[in-house]
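Working notes, beginning with the structure itself.
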Number of protein chains: 2
Amino acid sequence: MKSTSILILSLSILLFSISCSSQEELKDKLSLMPWPKEIKATGSKLFIDSNFTININKKSHRVHNNAISFLRNLTNKTGVFIEKGFPSYDKGKATLNIKYKNEVSLSINVDESYILSIKNNGVELIASTDVGVIRGLSTLLQLVQNDSSNYFFEGLMIKDNPRFKWRGLMIDVSRHFQPVNVIKRNLDAMAFMKMNVFHWHLSDDQGFRIESKVYPKLHQLASDGQYYSHEQIKEIVSYANMLGIRVIPEIDIPGHATAILTAYPKLGSKDNYEYKLQRYAGVFDPTLNPINPEVYTFIDKLFNEVSSLFPDEYFHIGGDENEGKHWDENVKIDEFKRKNKFKDNHDLQTYFTIKVEKILNKYGKKLVGWDEIMTPNMPRSAIIHSWRGKNEGFKNGTLFPAVKKGFKAILSNDYYIDRMFSVDHYYLCDPIGNFNLNEEEENRILGGEVTMWGELVTPLTIDSRIWPRTAAIAERFWSLKNVNDIENMRKRLKVISYELERIGTTHLKNIDVILRNISNNQEINSLKILSKIAEPLKMYERNKGGTEYKSFSPFSLFADACNSDAEDAYEFKKVLNLYKKSKNNYEDILYFLRKWQKGYIEFEKLNKSSILQELQSHYSVLYNVSQKLEKVIQKQTFSKKELEELIISIDKLEIPFADVEIVIIKELKQLANHIYNKLSS
Amino acid sequence: MKSTSILILSLSILLFSISCSSQEELKDKLSLMPWPKEIKATGSKLFIDSNFTININKKSHRVHNNAISFLRNLTNKTGVFIEKGFPSYDKGKATLNIKYKNEVSLSINVDESYILSIKNNGVELIASTDVGVIRGLSTLLQLVQNDSSNYFFEGLMIKDNPRFKWRGLMIDVSRHFQPVNVIKRNLDAMAFMKMNVFHWHLSDDQGFRIESKVYPKLHQLASDGQYYSHEQIKEIVSYANMLGIRVIPEIDIPGHATAILTAYPKLGSKDNYEYKLQRYAGVFDPTLNPINPEVYTFIDKLFNEVSSLFPDEYFHIGGDENEGKHWDENVKIDEFKRKNKFKDNHDLQTYFTIKVEKILNKYGKKLVGWDEIMTPNMPRSAIIHSWRGKNEGFKNGTLFPAVKKGFKAILSNDYYIDRMFSVDHYYLCDPIGNFNLNEEEENRILGGEVTMWGELVTPLTIDSRIWPRTAAIAERFWSLKNVNDIENMRKRLKVISYELERIGTTHLKNIDVILRNISNNQEINSLKILSKIAEPLKMYERNKGGTEYKSFSPFSLFADACNSDAEDAYEFKKVLNLYKKSKNNYEDILYFLRKWQKGYIEFEKLNKSSILQELQSHYSVLYNVSQKLEKVIQKQTFSKKELEELIISIDKLEIPFADVEIVIIKELKQLANHIYNKLSS
């Protein structure tokens, strides 16, 4: 080996380690999400001033519009009066130079990679497709920084592409209808997080949400007047397309069919049954009749109509939670099963699904279904949408079995955000995980989908259930598996959460609206303080048996203003951990104890409505506990009996109230014990 | 006179005086706006519980939908789990009983009156039309009250109808496009305030905002891709119709025509002129050529198309601010004028407008135009839209001349909310005022329109310019002339402002978004404190000569987070007035002085961006002034020299900065002088 080679080798090692250490520094400095595959600081800066320009190598609707939108965002984010409001084409060097090869139709195999090179004299954004350009622009927008006199982009070299090709968000618009603007603002947020599939759950027991020209009773009788017209659907599909987001419709059959059967009862498995739109949450019996030829005519015509509205090659047919009760109660269906030697309803459903798949194929569509469709005879062309896991009795979930059996599959089980777990939980769930898969099997895992089921969300609150948690899951879908530092994710997510609001979501804005509502427009500070340590009940505890809330129940209660990652609870935990390590940060602890006392004193002064009454008892216990803890920290005496009494009080706080729970119970006990032990030792 | 008659008379007087005094009490208690014509407390209460039901005497789309929307609002406002989510029809007595005679098509003469009678056993809402029902429901929703255990409606007897039949809001979507959802949420807010005309300014120099199938270049070349499709227009018209709001389109001709001429330059008054979409604000020269027959063919076909989208009988043709410069520069036009003995361009424009009116008549439409169309020869069938007043050299405005001359007219001059005056100013402007009109003339005053010109507003900020001020103007249009107590209006408006947010406007929500934006997502409390005593520059000072801001300049600056009625400034004035009357409320004064000091100390800690730098100097002066004032209040010594120095500091605060001005200058000086005088006496 010659010395020059050695030199080069050493230099490479040196560069690698620089880039390694700078990776960590960058993660501390940049609020970038999802984190890119490769990123390196180059040590220079590009200043953003009024001369900022964009040049694009050729025109495409998608790149043109996203470039304009980038400019508007940039000018509003920085306050810089950018002189040129529109991109130029092949006018030579600009501040931001966009080059791409192909304008593509969206499909599962679109190349979304891009290279972003930021130097002190300009930015190059290079991509193979126009969709890659959009992904790069969303990265660049997140890279705006400032010092006291300038806005700038840090000099960086980024090479990026997604780990999974299917990065979705499902929104259920059946349980509660979500108007066009709610869908659009969520599409904007998705694009900001580089998500690329919007799965639209359009039909369920509680409503059929598309206008149908072939079966008009569907929207006339089964939507309460809340549905999307064909034009609105086209508008949304085109809006999503502009953002590089595919739209997959779901018409859930043969179960979850109450809405369809409310409109066309003859298609049901029970004769003379009064089908009525469902107002509760749950799993219900109304099911299409798989032995009625008219059912297939219906599906054929309807799916033809729906297919024409959605250009994507995939079509979701649901297929979940058909318990077959109405099938069992129908003698003719029973006969049919025996005649065809179907051993159970699963066989019958497979028979049904295969027929549906053939219909879809006629219209150029591939079938996606929830994991119940995964029966031995199901053709491997279907995509399995895995939703069942431990909780439903599937220890290893259904994703791995699916890909082992040769199906392509997408994962949702771990991304049921309506279960209201903390973002940490979802973030750490990896679609591939530690299962032992060969490469072929691994490739069959297309990605994942966040599922926003709609039982407890309205336009007022849906964003607060989706965001910011979904941003972290989007990172899970896009970034490398080893990007999994919770603390760092949380830090970046806080900024991303604000940025999402700037773009148009309402997850933060509407908290004030709800709190003002329950206080009848009084000062809401005290309610905000309480909401920051309270979280809505998890799993489906808030709506026990699906019967506490109807679709038209109130959804602007205290629980609706709380979210699954109570802000102060998280901070208090951090502060407490330091305190337990004797970091002498008792002032930080006192800050919270005083905040809660002050909160209660303000709360006391409010005119109480019945809604506020529900918070009274817990808030007053919190006040007493905080006061006691402050005293013992200050006074340095704390008897065993006092400790025991305090623990009894804290236990009272643990009882759920107003559909929320205080989430600092453990921490308050730890703090009490810690102080006691310290004073006793 | 018999003694019974005397008794009856005495009773009547007694009843009248009870109802008089209770009027004032009611105004203090109820946050109702616009205030109804007649309202009387009946002393009972109707409790709102889960058994709340609605029965309607007969079905109409409008009443049905508004009743459902009322129920959803009621359940969300009260947190009561109302069991019946839908109204019944002729099922006998319900909690709320709605009865109306006619389902009507919207027009200028629709009867909007209603009677609302709330007793302890139920509510009767009686109206002649389904539109009257909507107005009554919006009153009832504002009447929800609560004590510590219940929500209830106060027992009341209300007889109500509007003073003016034309109560409008104009939104200019040309200078900045406003998407469908912005229009819809503003329609919801309008309906809540019983407004009934949405005037849609669709075309101007900066953009043509409707899809045209007959002249497709209009939206293709003159909208930057930002326009409403036919389907979207129909959707908005139908949405407005459901709320009892008429929609009047405006296509502004012959001036304000740059967008039209960008698409079809041959229709312009100058040959070989390069028409380009305007990016600045102002009055520009491009004008349709009134002697070119193709222009009338164009207007005919386009107005035919537009007319088919808007069912209302009125059509606004603009007609304003044509300075005729391009007419004067065209030799053929000059010849034409001479040939036809037109003495000036006004005659020529009248010639043009009369031809346009004939075209409109063909399509069953009546013409509305800005007051420039009011020339001697103009047919009295045209409605004059009065926009010019003192500021434009019309001492008495143009409304009175119009009705004196026999025109019907609507007033906007006093309702230019983009001039950014305080709500008090607009509230006190009465369409009829004190002018000497006979009954016939008075009847020609149809009402008024709030004008939201779009140069400085985007979807992020437009609501904060419209609301809550427009709610007070809506009261001016609906309620009796003598409802004009500023203090009481302000009190009710504060609650209405929150209620509007609950319904969907974003005038409060987006303040945080903007402040987080300019602070780069730091804590915004200090910025909020400053924003509450700062108001955007008034009149058109913010955009001097229309050239400081382009249409794509940043509109998320500090000034965009401030509004025209700075909250703390208003409160501080009240507190100061008491203080000057020696009410011994110096603690209230200190509260503000300390708040501003604390604000600055927090502000100091922020990492400064260039935007925040612009606030630095004023904020630090405010800190010094507040500190000094606090000291002199506390220390009880204050020399003449110190006073003079303080006044010099306060003067510094008066200089506008960051497009805002501090609006407590006078008050700070008064405070300083008052303290000085007190201590010297």
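Residues in the structure tokens are numbered from 1 in each chain, the chains being A, B, ... in the order shown, and ligands are numbered from 1 in the order shown.
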
Could you please select, counting only C-alpha atoms, the residues of chain A within 6 Å of chain B and state them as number ranges by chain?
-> A: 75-76, 79, 81, 85, 147-149, 181, 502, 509, 513, 552-554, 556, 608-610

Please produce a file of those selected residues containing N, CA and C atoms, as a PDB file, in the first residue's frame.
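Heads up, here's the output in selection_17.pdb:
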ATOM      1  N   THR A  75     -41.324  33.036   2.407  1.00  0.00           N
ATOM      2  CA  THR A  75     -41.464  34.468   2.676  1.00  0.00           C
ATOM      3  C   THR A  75     -42.224  34.690   3.989  1.00  0.00           C
ATOM      4  N   ASN A  76     -43.222  33.863   4.248  1.00  0.00           N
ATOM      5  CA  ASN A  76     -43.994  34.043   5.481  1.00  0.00           C
ATOM      6  C   ASN A  76     -43.245  33.555   6.708  1.00  0.00           C
ATOM      7  N   GLY A  79     -40.301  36.428   6.883  1.00  0.00           N
ATOM      8  CA  GLY A  79     -40.583  37.857   6.798  1.00  0.00           C
ATOM      9  C   GLY A  79     -39.767  38.561   5.730  1.00  0.00           C
ATOM     10  N   PHE A  81     -39.080  39.945   2.199  1.00  0.00           N
ATOM     11  CA  PHE A  81     -39.901  40.338   1.039  1.00  0.00           C
ATOM     12  C   PHE A  81     -39.211  39.852  -0.237  1.00  0.00           C
ATOM     13  N   GLY A  85     -41.888  36.305  -7.185  1.00  0.00           N
ATOM     14  CA  GLY A  85     -42.911  35.455  -6.567  1.00  0.00           C
ATOM     15  C   GLY A  85     -43.137  34.137  -7.289  1.00  0.00           C
ATOM     16  N   ASP A 147     -30.314  33.684  12.759  1.00  0.00           N
ATOM     17  CA  ASP A 147     -29.593  34.257  13.895  1.00  0.00           C
ATOM     18  C   ASP A 147     -30.188  35.651  14.108  1.00  0.00           C
ATOM     19  N   SER A 148     -29.494  36.497  14.813  1.00  0.00           N
ATOM     20  CA  SER A 148     -30.134  37.758  15.185  1.00  0.00           C
ATOM     21  C   SER A 148     -30.311  38.700  13.997  1.00  0.00           C
ATOM     22  N   SER A 149     -29.603  38.458  12.912  1.00  0.00           N
ATOM     23  CA  SER A 149     -29.775  39.411  11.804  1.00  0.00           C
ATOM     24  C   SER A 149     -30.225  38.766  10.497  1.00  0.00           C
ATOM     25  N   ASN A 181     -62.354  20.513   3.813  1.00  0.00           N
ATOM     26  CA  ASN A 181     -61.226  21.303   4.327  1.00  0.00           C
ATOM     27  C   ASN A 181     -60.430  20.545   5.391  1.00  0.00           C
ATOM     28  N   ARG A 502     -48.683  25.995  11.598  1.00  0.00           N
ATOM     29  CA  ARG A 502     -48.442  27.098  10.659  1.00  0.00           C
ATOM     30  C   ARG A 502     -48.981  26.710   9.270  1.00  0.00           C
ATOM     31  N   LYS A 509     -54.559  24.968  18.149  1.00  0.00           N
ATOM     32  CA  LYS A 509     -55.526  26.071  18.159  1.00  0.00           C
ATOM     33  C   LYS A 509     -56.821  25.715  18.870  1.00  0.00           C
ATOM     34  N   VAL A 513     -60.282  26.761  22.099  1.00  0.00           N
ATOM     35  CA  VAL A 513     -61.702  26.817  21.754  1.00  0.00           C
ATOM     36  C   VAL A 513     -62.503  25.920  22.702  1.00  0.00           C
ATOM     37  N   PHE A 552     -73.760  11.687  17.811  1.00  0.00           N
ATOM     38  CA  PHE A 552     -74.101  13.104  18.006  1.00  0.00           C
ATOM     39  C   PHE A 552     -73.974  13.544  19.464  1.00  0.00           C
ATOM     40  N   SER A 553     -73.164  12.838  20.242  1.00  0.00           N
ATOM     41  CA  SER A 553     -72.863  13.271  21.614  1.00  0.00           C
ATOM     42  C   SER A 553     -71.900  14.461  21.577  1.00  0.00           C
ATOM     43  N   PRO A 554     -71.727  15.146  22.712  1.00  0.00           N
ATOM     44  CA  PRO A 554     -70.780  16.264  22.717  1.00  0.00           C
ATOM     45  C   PRO A 554     -69.324  15.789  22.611  1.00  0.00           C
ATOM     46  N   SER A 556     -66.757  18.251  22.784  1.00  0.00           N
ATOM     47  CA  SER A 556     -65.944  19.427  23.111  1.00  0.00           C
ATOM     48  C   SER A 556     -65.874  19.512  24.632  1.00  0.00           C
ATOM     49  N   LYS A 608     -68.713  28.053  38.089  1.00  0.00           N
ATOM     50  CA  LYS A 608     -68.664  26.642  37.684  1.00  0.00           C
ATOM     51  C   LYS A 608     -69.892  26.255  36.857  1.00  0.00           C
ATOM     52  N   SER A 609     -69.629  25.589  35.774  1.00  0.00           N
ATOM     53  CA  SER A 609     -70.676  24.898  35.036  1.00  0.00           C
ATOM     54  C   SER A 609     -70.635  23.443  35.487  1.00  0.00           C
ATOM     55  N   SER A 610     -71.615  22.668  35.060  1.00  0.00           N
ATOM     56  CA  SER A 610     -71.594  21.252  35.444  1.00  0.00           C
ATOM     57  C   SER A 610     -70.344  20.557  34.901  1.00  0.00           C
TER      58      SER A 610
END

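Contact shell of Lys404 of chain B at 9 Å (only C-alpha atoms; same-chain neighbours under 4 positions omitted): Leu399, Phe400, Leu437, Glu441 and Arg444 of chain B.
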
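The shortest atom-to-atom distance to Val173 of chain B, with only C-alpha atoms taken into account, belongs to B:Val457 out of B:Asn97, B:Lys652, B:Val457, B:Thr297.
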
Please, which residues of segment 245-455 of chain A, numbered as in this document, come out strand (DSSP E or B) from DSSP, as JSON, numbers by chain?
-> {"A": [246, 247, 248, 249, 250, 251, 252, 253, 268, 288, 314, 315, 316, 317, 318, 366, 367, 368, 369, 370, 383, 384, 385, 386, 408, 409, 410, 411, 416, 445, 446, 447, 448, 449, 450, 451, 452]}

Enumerate, as a ChimeraX atom specification, the complete set of residues in segment 561-642 of chain B that a backbone-based DSSP assignment places in helix (DSSP H, G or I).
-> /B:561,567-580,586-605,610-635,640-642

Shell around Ile171 of chain A at 6 Å using only C-alpha atoms, local window under 6 positions removed, as a PyMOL selection string | chain A and resi 200-201+452

Would you put the residues from that selection into a file with N, CA, C and O atoms, as an mmCIF file, in the first residue's frame?
data_model
loop_
_atom_site.group_PDB
_atom_site.id
_atom_site.type_symbol
_atom_site.label_atom_id
_atom_site.label_comp_id
_atom_site.auth_asym_id
_atom_site.auth_seq_id
_atom_site.Cartn_x
_atom_site.Cartn_y
_atom_site.Cartn_z
ATOM 1 N N TRP A 200 -58.898 6.329 2.585
ATOM 2 C CA TRP A 200 -60.138 7.046 2.905
ATOM 3 C C TRP A 200 -61.230 6.030 3.215
ATOM 4 O O TRP A 200 -61.785 5.423 2.294
ATOM 5 N N HIS A 201 -61.498 5.870 4.503
ATOM 6 C CA HIS A 201 -62.502 4.901 4.969
ATOM 7 C C HIS A 201 -63.886 5.546 4.796
ATOM 8 O O HIS A 201 -64.365 6.253 5.681
ATOM 9 N N MET A 452 -56.817 6.526 11.837
ATOM 10 C CA MET A 452 -57.597 7.479 12.642
ATOM 11 C C MET A 452 -59.061 7.075 12.565
ATOM 12 O O MET A 452 -59.825 7.524 11.722
#

Spatial neighbours of Trp453 of chain A, 8 Å, only C-alpha atoms, chain gap at least 2 places, as an NGL selection string | :A and (170-172 or 175 or 416 or 418 or 451 or 455-456)

Contact residues around Thr139 of chain A with only C-alpha atoms at 9 Å, ignoring same-chain residues under 3 positions, as a list in words | Leu32, Met33, Pro34, Pro36, Leu116, Ile134, Arg135, Gly136, Gln142, Leu143, Phe192, Met193 and Lys194 of chain A

Could you write those residues out with all heavy atoms, as an mmCIF file, in the first residue's frame?
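Okay, again-v1.cif is ready:
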data_model
loop_
_atom_site.group_PDB
_atom_site.id
_atom_site.type_symbol
_atom_site.label_atom_id
_atom_site.label_comp_id
_atom_site.auth_asym_id
_atom_site.auth_seq_id
_atom_site.Cartn_x
_atom_site.Cartn_y
_atom_site.Cartn_z
ATOM 1 N N LEU A 32 -35.686 18.648 11.923
ATOM 2 C CA LEU A 32 -35.976 18.029 10.651
ATOM 3 C C LEU A 32 -36.657 16.702 10.909
ATOM 4 O O LEU A 32 -36.217 15.918 11.745
ATOM 5 C CB LEU A 32 -34.633 17.830 9.945
ATOM 6 C CG LEU A 32 -34.600 17.403 8.492
ATOM 7 C CD1 LEU A 32 -35.445 18.320 7.634
ATOM 8 C CD2 LEU A 32 -33.147 17.410 8.017
ATOM 9 N N MET A 33 -37.758 16.448 10.223
ATOM 10 C CA MET A 33 -38.489 15.208 10.428
ATOM 11 C C MET A 33 -39.320 14.911 9.187
ATOM 12 O O MET A 33 -40.047 15.797 8.716
ATOM 13 C CB MET A 33 -39.398 15.355 11.651
ATOM 14 C CG MET A 33 -40.084 14.072 12.077
ATOM 15 S SD MET A 33 -41.028 14.286 13.617
ATOM 16 C CE MET A 33 -39.771 14.004 14.862
ATOM 17 N N PRO A 34 -39.289 13.696 8.633
ATOM 18 C CA PRO A 34 -38.443 12.575 9.036
ATOM 19 C C PRO A 34 -36.955 12.825 8.751
ATOM 20 O O PRO A 34 -36.622 13.499 7.794
ATOM 21 C CB PRO A 34 -38.969 11.439 8.156
ATOM 22 C CG PRO A 34 -39.656 12.072 7.006
ATOM 23 C CD PRO A 34 -40.159 13.373 7.497
ATOM 24 N N PRO A 36 -33.379 12.488 7.409
ATOM 25 C CA PRO A 36 -32.960 11.934 6.115
ATOM 26 C C PRO A 36 -31.942 10.794 6.237
ATOM 27 O O PRO A 36 -31.282 10.642 7.270
ATOM 28 C CB PRO A 36 -32.343 13.129 5.399
ATOM 29 C CG PRO A 36 -32.179 14.206 6.383
ATOM 30 C CD PRO A 36 -32.922 13.865 7.636
ATOM 31 N N LEU A 116 -30.105 16.973 -1.974
ATOM 32 C CA LEU A 116 -30.187 18.402 -1.682
ATOM 33 C C LEU A 116 -28.783 18.860 -1.300
ATOM 34 O O LEU A 116 -28.181 18.329 -0.365
ATOM 35 C CB LEU A 116 -31.166 18.589 -0.517
ATOM 36 C CG LEU A 116 -31.777 19.941 -0.212
ATOM 37 C CD1 LEU A 116 -32.446 20.563 -1.429
ATOM 38 C CD2 LEU A 116 -32.788 19.774 0.916
ATOM 39 N N ILE A 134 -40.785 17.273 -4.616
ATOM 40 C CA ILE A 134 -41.670 17.685 -3.514
ATOM 41 C C ILE A 134 -41.084 17.276 -2.171
ATOM 42 O O ILE A 134 -41.084 18.051 -1.210
ATOM 43 C CB ILE A 134 -43.057 17.020 -3.651
ATOM 44 C CG1 ILE A 134 -43.696 17.365 -4.994
ATOM 45 C CG2 ILE A 134 -43.973 17.472 -2.522
ATOM 46 C CD1 ILE A 134 -45.051 16.733 -5.184
ATOM 47 N N ARG A 135 -40.580 16.036 -2.115
ATOM 48 C CA ARG A 135 -39.989 15.577 -0.849
ATOM 49 C C ARG A 135 -38.800 16.458 -0.455
ATOM 50 O O ARG A 135 -38.619 16.798 0.714
ATOM 51 C CB ARG A 135 -39.544 14.111 -0.961
ATOM 52 C CG ARG A 135 -40.643 13.137 -1.431
ATOM 53 C CD ARG A 135 -41.833 13.053 -0.480
ATOM 54 N NE ARG A 135 -42.899 12.228 -1.044
ATOM 55 C CZ ARG A 135 -44.135 12.661 -1.282
ATOM 56 N NH1 ARG A 135 -44.493 13.884 -0.967
ATOM 57 N NH2 ARG A 135 -45.040 11.849 -1.814
ATOM 58 N N GLY A 136 -37.993 16.810 -1.442
ATOM 59 C CA GLY A 136 -36.825 17.652 -1.162
ATOM 60 C C GLY A 136 -37.232 19.049 -0.709
ATOM 61 O O GLY A 136 -36.624 19.619 0.198
ATOM 62 N N GLN A 142 -38.039 22.850 6.098
ATOM 63 C CA GLN A 142 -37.786 22.603 7.522
ATOM 64 C C GLN A 142 -36.386 23.068 7.944
ATOM 65 O O GLN A 142 -36.073 23.075 9.129
ATOM 66 C CB GLN A 142 -37.946 21.108 7.832
ATOM 67 C CG GLN A 142 -39.386 20.615 7.700
ATOM 68 C CD GLN A 142 -39.565 19.160 8.116
ATOM 69 O OE1 GLN A 142 -38.619 18.527 8.608
ATOM 70 N NE2 GLN A 142 -40.750 18.635 7.933
ATOM 71 N N LEU A 143 -35.553 23.405 6.988
ATOM 72 C CA LEU A 143 -34.166 23.749 7.313
ATOM 73 C C LEU A 143 -33.941 25.246 7.517
ATOM 74 O O LEU A 143 -32.814 25.668 7.768
ATOM 75 C CB LEU A 143 -33.228 23.240 6.211
ATOM 76 C CG LEU A 143 -33.080 21.720 6.127
ATOM 77 C CD1 LEU A 143 -32.268 21.336 4.893
ATOM 78 C CD2 LEU A 143 -32.398 21.185 7.387
ATOM 79 N N PHE A 192 -46.042 17.437 4.258
ATOM 80 C CA PHE A 192 -44.945 18.048 5.014
ATOM 81 C C PHE A 192 -44.119 16.957 5.698
ATOM 82 O O PHE A 192 -42.923 17.111 5.897
ATOM 83 C CB PHE A 192 -45.534 19.012 6.047
ATOM 84 C CG PHE A 192 -44.535 19.920 6.710
ATOM 85 C CD1 PHE A 192 -43.769 20.795 5.965
ATOM 86 C CD2 PHE A 192 -44.369 19.908 8.089
ATOM 87 C CE1 PHE A 192 -42.844 21.648 6.573
ATOM 88 C CE2 PHE A 192 -43.451 20.756 8.711
ATOM 89 C CZ PHE A 192 -42.693 21.624 7.952
ATOM 90 N N MET A 193 -44.773 15.856 6.062
ATOM 91 C CA MET A 193 -44.092 14.738 6.706
ATOM 92 C C MET A 193 -43.744 13.630 5.710
ATOM 93 O O MET A 193 -43.423 12.513 6.104
ATOM 94 C CB MET A 193 -44.951 14.154 7.825
ATOM 95 C CG MET A 193 -45.378 15.149 8.906
ATOM 96 S SD MET A 193 -44.090 16.323 9.407
ATOM 97 C CE MET A 193 -42.845 15.187 10.012
ATOM 98 N N LYS A 194 -43.829 13.945 4.432
ATOM 99 C CA LYS A 194 -43.436 13.012 3.367
ATOM 100 C C LYS A 194 -44.262 11.728 3.354
ATOM 101 O O LYS A 194 -43.788 10.673 2.956
ATOM 102 C CB LYS A 194 -41.950 12.665 3.449
ATOM 103 C CG LYS A 194 -41.012 13.866 3.353
ATOM 104 C CD LYS A 194 -39.542 13.417 3.281
ATOM 105 C CE LYS A 194 -38.569 14.541 3.007
ATOM 106 N NZ LYS A 194 -38.436 15.552 4.024
#
